[in-house]
$ cat query38.txt   # compact mmCIF, C-alpha atoms
# COMPACT_ATOMS: atom_id res chain seq x y z
CA MET A 86 57.57 -24.19 18.90
CA LEU A 87 55.10 -21.98 20.71
CA LEU A 88 55.70 -20.68 24.22
CA ILE A 89 52.69 -19.18 26.00
CA ALA A 90 53.06 -17.16 29.19
CA GLY A 91 50.29 -15.70 31.27
CA GLY A 92 51.23 -13.01 33.78
CA VAL A 93 54.11 -14.12 36.00
CA GLY A 94 54.38 -17.29 33.92
CA ILE A 95 56.71 -15.18 31.78
CA THR A 96 59.59 -15.85 34.17
CA PRO A 97 60.31 -19.46 33.08
CA MET A 98 59.19 -18.75 29.52
CA ARG A 99 61.67 -15.88 29.20
CA ALA A 100 64.51 -18.29 30.05
CA LEU A 101 63.23 -20.88 27.56
CA PHE A 102 62.76 -18.23 24.88
CA GLU A 103 66.41 -17.26 25.18
CA THR A 104 67.97 -20.73 25.48
CA ILE A 105 65.78 -23.40 23.86
CA ASP A 106 67.52 -25.16 21.00
CA VAL A 107 65.05 -24.27 18.24
CA PRO A 108 65.82 -22.14 15.17
CA GLY A 109 64.51 -18.62 15.78
CA GLU A 110 62.25 -18.56 12.75
CA ARG A 111 60.42 -21.57 14.24
CA LEU A 112 59.98 -20.01 17.71
CA THR A 113 57.13 -17.81 18.94
CA LEU A 114 56.42 -16.45 22.41
CA LEU A 115 52.84 -15.39 23.12
CA TYR A 116 52.64 -13.28 26.28
CA ARG A 117 49.18 -12.57 27.80
CA VAL A 118 48.68 -9.84 30.44
CA SER A 119 45.69 -7.85 31.65
CA SER A 120 47.25 -4.41 31.24
CA ALA A 121 50.36 -2.75 29.82
CA LYS A 122 51.70 -2.11 33.33
CA ASP A 123 51.80 -5.89 33.88
CA VAL A 124 54.28 -6.51 31.05
CA VAL A 125 57.71 -7.43 32.41
CA PHE A 126 60.93 -8.09 30.49
CA ARG A 127 59.55 -6.35 27.38
CA ASN A 128 62.89 -4.87 26.27
CA GLU A 129 64.67 -8.17 26.96
CA LEU A 130 62.03 -10.19 25.11
CA ASP A 131 62.16 -7.86 22.11
CA ASP A 132 65.98 -8.06 22.09
CA ILE A 133 65.96 -11.86 22.31
CA ALA A 134 63.43 -12.07 19.48
CA ARG A 135 65.52 -9.73 17.33
CA GLN A 136 68.76 -11.62 18.03
CA ARG A 137 67.21 -15.05 17.40
CA GLY A 138 64.93 -14.10 14.52
CA ALA A 139 61.99 -15.27 16.64
CA ARG A 140 58.59 -13.69 17.25
CA VAL A 141 56.95 -12.19 20.35
CA ILE A 142 53.21 -11.60 20.39
CA TYR A 143 51.85 -9.46 23.20
CA VAL A 144 48.17 -9.86 24.05
CA ILE A 145 47.39 -6.98 26.37
CA GLY A 146 44.03 -6.05 27.85
CA PRO A 147 40.96 -7.54 29.46
CA SER A 148 40.08 -11.02 28.23
CA SER A 149 36.45 -9.87 28.08
CA GLU A 150 37.36 -7.97 24.90
CA PRO A 151 37.10 -10.37 21.94
CA ALA A 152 40.47 -9.31 20.48
CA ASN A 153 42.20 -10.29 23.75
CA ALA A 154 40.45 -13.61 24.37
CA LEU A 155 42.67 -16.59 23.61
CA THR A 156 40.19 -18.74 21.73
CA ALA A 157 40.75 -21.37 19.06
CA GLU A 158 40.00 -18.74 16.43
CA THR A 159 42.28 -15.99 17.78
CA ILE A 160 45.19 -18.33 18.54
CA SER A 161 44.90 -20.01 15.11
CA ARG A 162 44.94 -16.58 13.49
CA MET A 163 48.09 -15.57 15.41
CA ILE A 164 49.81 -18.95 14.98
CA PRO A 165 49.32 -20.40 11.49
CA ASN A 166 49.55 -24.22 11.37
CA LEU A 167 48.99 -24.43 15.13
CA ARG A 168 48.51 -28.21 14.93
CA HIS A 169 52.14 -28.59 13.88
CA HIS A 170 53.55 -26.83 16.97
CA ASP A 171 54.81 -28.14 20.25
CA VAL A 172 53.41 -25.81 22.88
CA TYR A 173 54.82 -24.93 26.30
CA LEU A 174 52.36 -23.16 28.57
CA CYS A 175 52.87 -21.49 31.94
CA ALA A 176 49.88 -19.55 33.26
CA SER A 177 47.27 -19.38 35.98
CA SER A 178 44.86 -22.28 36.22
CA ARG A 179 42.03 -20.16 34.76
CA LEU A 180 44.01 -19.05 31.73
CA SER A 181 45.48 -22.53 31.26
CA SER A 182 41.99 -24.05 31.24
CA ALA A 183 40.82 -21.57 28.60
CA ILE A 184 43.87 -22.24 26.45
CA ARG A 185 43.51 -26.03 26.77
CA LEU A 186 39.92 -25.71 25.56
CA ALA A 187 41.01 -23.48 22.67
CA PHE A 188 43.67 -26.01 21.66
CA GLU A 189 41.19 -28.87 21.80
CA GLU A 190 38.81 -26.90 19.55
CA ALA A 191 41.68 -26.03 17.19
CA GLY A 192 42.71 -29.69 16.92
CA LEU A 193 46.10 -29.50 18.64
CA PRO A 194 47.08 -33.05 19.64
CA HIS A 195 47.16 -33.36 23.43
CA ARG A 196 50.68 -34.86 23.38
CA GLN A 197 52.01 -31.58 21.93
CA LEU A 198 50.98 -29.50 24.97
CA HIS A 199 53.45 -29.26 27.84
CA GLU A 200 52.13 -27.29 30.77
CA GLU A 201 53.03 -25.80 34.12
CA VAL A 202 50.15 -24.28 36.09
CA PHE A 203 50.80 -21.87 38.94
CA SER A 204 48.46 -20.58 41.61
CA PHE A 205 48.67 -18.36 44.65

$ encode --input "query38.txt" --output "structure tokens"
Amino acid sequence: MLLIAGGVGITPMRALFETIDVPGERLTLLYRVSSAKDVVFRNELDDIARQRGARVIYVIGPSSEPANALTAETISRMIPNLRHHDVYLCASSRLSSAIRLAFEEAGLPHRQLHEEVFSF
């Protein structure tokens, strides 16, 4: 199971990360923010990951930098066997669109993506 949060999308993903009925070693939270000051719940997320035996991946910085762009290549590198994951995504419409494209390119079956898009 892969949970992906962009910005304030971390709020519902933090609750799922703590409570979802999935063994910790099969659970990853990928949290994307533009800058370190935008990270919220970091201590809580790290504690939950430690307690559950799960993983948190922080992607921090401008998406214009190749290492921070969530492309098929970068996501597949961070998440081995991506095609075998169910993915829950909560992010802005722009980030969600980029991630949907990356998943399509990586071969993730559409039925495995569950998404909530937020906008202001």

$ closest_residue --input "query38.txt" --among "A:Phe102, A:Gly146, A:Arg140, A:Ser181" --to "Lys122 of chain A" --atoms "all atoms listed in the file"
A:Gly146

$ atom_distance --input "query38.txt" --atom1 "atom CA of Arg196 of chain A" --atom2 "atom CA of Leu174 of chain A"
12.9 Å

$ residues_around --input "query38.txt" --residues "Asp131 of chain A" --least-positions-apart "4" --cutoff "10 Å" --atoms "only C-alpha atoms" --output "ChimeraX atom specification"
/A:126-127,135-137,139-142

$ residues_around --input "query38.txt" --residues "Leu186 of chain A" --least-positions-apart "2" --cutoff "12 Å" --atoms "all atoms listed in the file" --output "list in words"
Leu155, Thr156, Ala157, Glu158, Ile160, Arg179, Leu180, Ser181, Ser182, Ala183, Ile184, Phe188, Glu189, Glu190, Ala191, Gly192, Leu193, Pro194, His195 and Leu198 of chain A

$ write_last_selection --input "query38.txt" --atoms "C-alpha atoms" --output "PDB file, in the coordinates of the input"
ATOM      1  CA  LEU A 155      42.670 -16.590  23.610  1.00  0.00           C
ATOM      2  CA  THR A 156      40.190 -18.740  21.730  1.00  0.00           C
ATOM      3  CA  ALA A 157      40.750 -21.370  19.060  1.00  0.00           C
ATOM      4  CA  GLU A 158      40.000 -18.740  16.430  1.00  0.00           C
ATOM      5  CA  ILE A 160      45.190 -18.330  18.540  1.00  0.00           C
ATOM      6  CA  ARG A 179      42.030 -20.160  34.760  1.00  0.00           C
ATOM      7  CA  LEU A 180      44.010 -19.050  31.730  1.00  0.00           C
ATOM      8  CA  SER A 181      45.480 -22.530  31.260  1.00  0.00           C
ATOM      9  CA  SER A 182      41.990 -24.050  31.240  1.00  0.00           C
ATOM     10  CA  ALA A 183      40.820 -21.570  28.600  1.00  0.00           C
ATOM     11  CA  ILE A 184      43.870 -22.240  26.450  1.00  0.00           C
ATOM     12  CA  PHE A 188      43.670 -26.010  21.660  1.00  0.00           C
ATOM     13  CA  GLU A 189      41.190 -28.870  21.800  1.00  0.00           C
ATOM     14  CA  GLU A 190      38.810 -26.900  19.550  1.00  0.00           C
ATOM     15  CA  ALA A 191      41.680 -26.030  17.190  1.00  0.00           C
ATOM     16  CA  GLY A 192      42.710 -29.690  16.920  1.00  0.00           C
ATOM     17  CA  LEU A 193      46.100 -29.500  18.640  1.00  0.00           C
ATOM     18  CA  PRO A 194      47.080 -33.050  19.640  1.00  0.00           C
ATOM     19  CA  HIS A 195      47.160 -33.360  23.430  1.00  0.00           C
ATOM     20  CA  LEU A 198      50.980 -29.500  24.970  1.00  0.00           C
TER      21      LEU A 198
END

$ closest_residue --input "query38.txt" --among "A:Thr113, A:Val124, A:Leu130, A:Ser161" --to "Ala100 of chain A" --atoms "only C-alpha atoms"
A:Leu130

$ atom_distance --input "query38.txt" --atom1 "atom CA of Arg111 of chain A" --atom2 "atom CA of Met86 of chain A"
6.1 Å

$ atom_distance --input "query38.txt" --atom1 "atom CA of Ala90 of chain A" --atom2 "atom CA of Glu110 of chain A"
18.9 Å

$ residues_around --input "query38.txt" --residues "Arg99 of chain A" --least-positions-apart "4" --cutoff "10 Å" --atoms "only C-alpha atoms" --output "PyMOL selection string"
chain A and resi 88+90+94-95+103-104+114+116+125-127+129-130+133

$ residues_around --input "query38.txt" --residues "Pro147 of chain A" --least-positions-apart "3" --cutoff "7 Å" --atoms "all atoms listed in the file" --output "PyMOL selection string"
chain A and resi 119+150+153

$ write_last_selection --input "query38.txt" --atoms "C-alpha atoms" --output "compact mmCIF listing (two decimals), keeping the file's coordinate frame"
# COMPACT_ATOMS: atom_id res chain seq x y z
CA SER A 119 45.69 -7.85 31.65
CA GLU A 150 37.36 -7.97 24.90
CA ASN A 153 42.20 -10.29 23.75

$ closest_residue --input "query38.txt" --among "A:Glu201, A:Ala152, A:Gly109, A:Asn166" --to "Thr96 of chain A" --atoms "all atoms listed in the file"
A:Glu201

$ closest_residue --input "query38.txt" --among "A:Arg185, A:Ile145, A:Ile164, A:Pro151" --to "Arg117 of chain A" --atoms "all atoms listed in the file"
A:Ile145

$ closest_residue --input "query38.txt" --among "A:Asp132, A:Asp171, A:Asp106, A:Asp123" --to "Leu87 of chain A" --atoms "all atoms listed in the file"
A:Asp171

$ residues_around --input "query38.txt" --residues "Val93 of chain A" --least-positions-apart "4" --cutoff "9 Å" --atoms "all atoms listed in the file" --output "PyMOL selection string"
chain A and resi 97+118+123+125+175-177+203

$ closest_residue --input "query38.txt" --among "A:Leu101, A:Val144, A:Met163, A:Ile89" --to "Ser120 of chain A" --atoms "only C-alpha atoms"
A:Val144
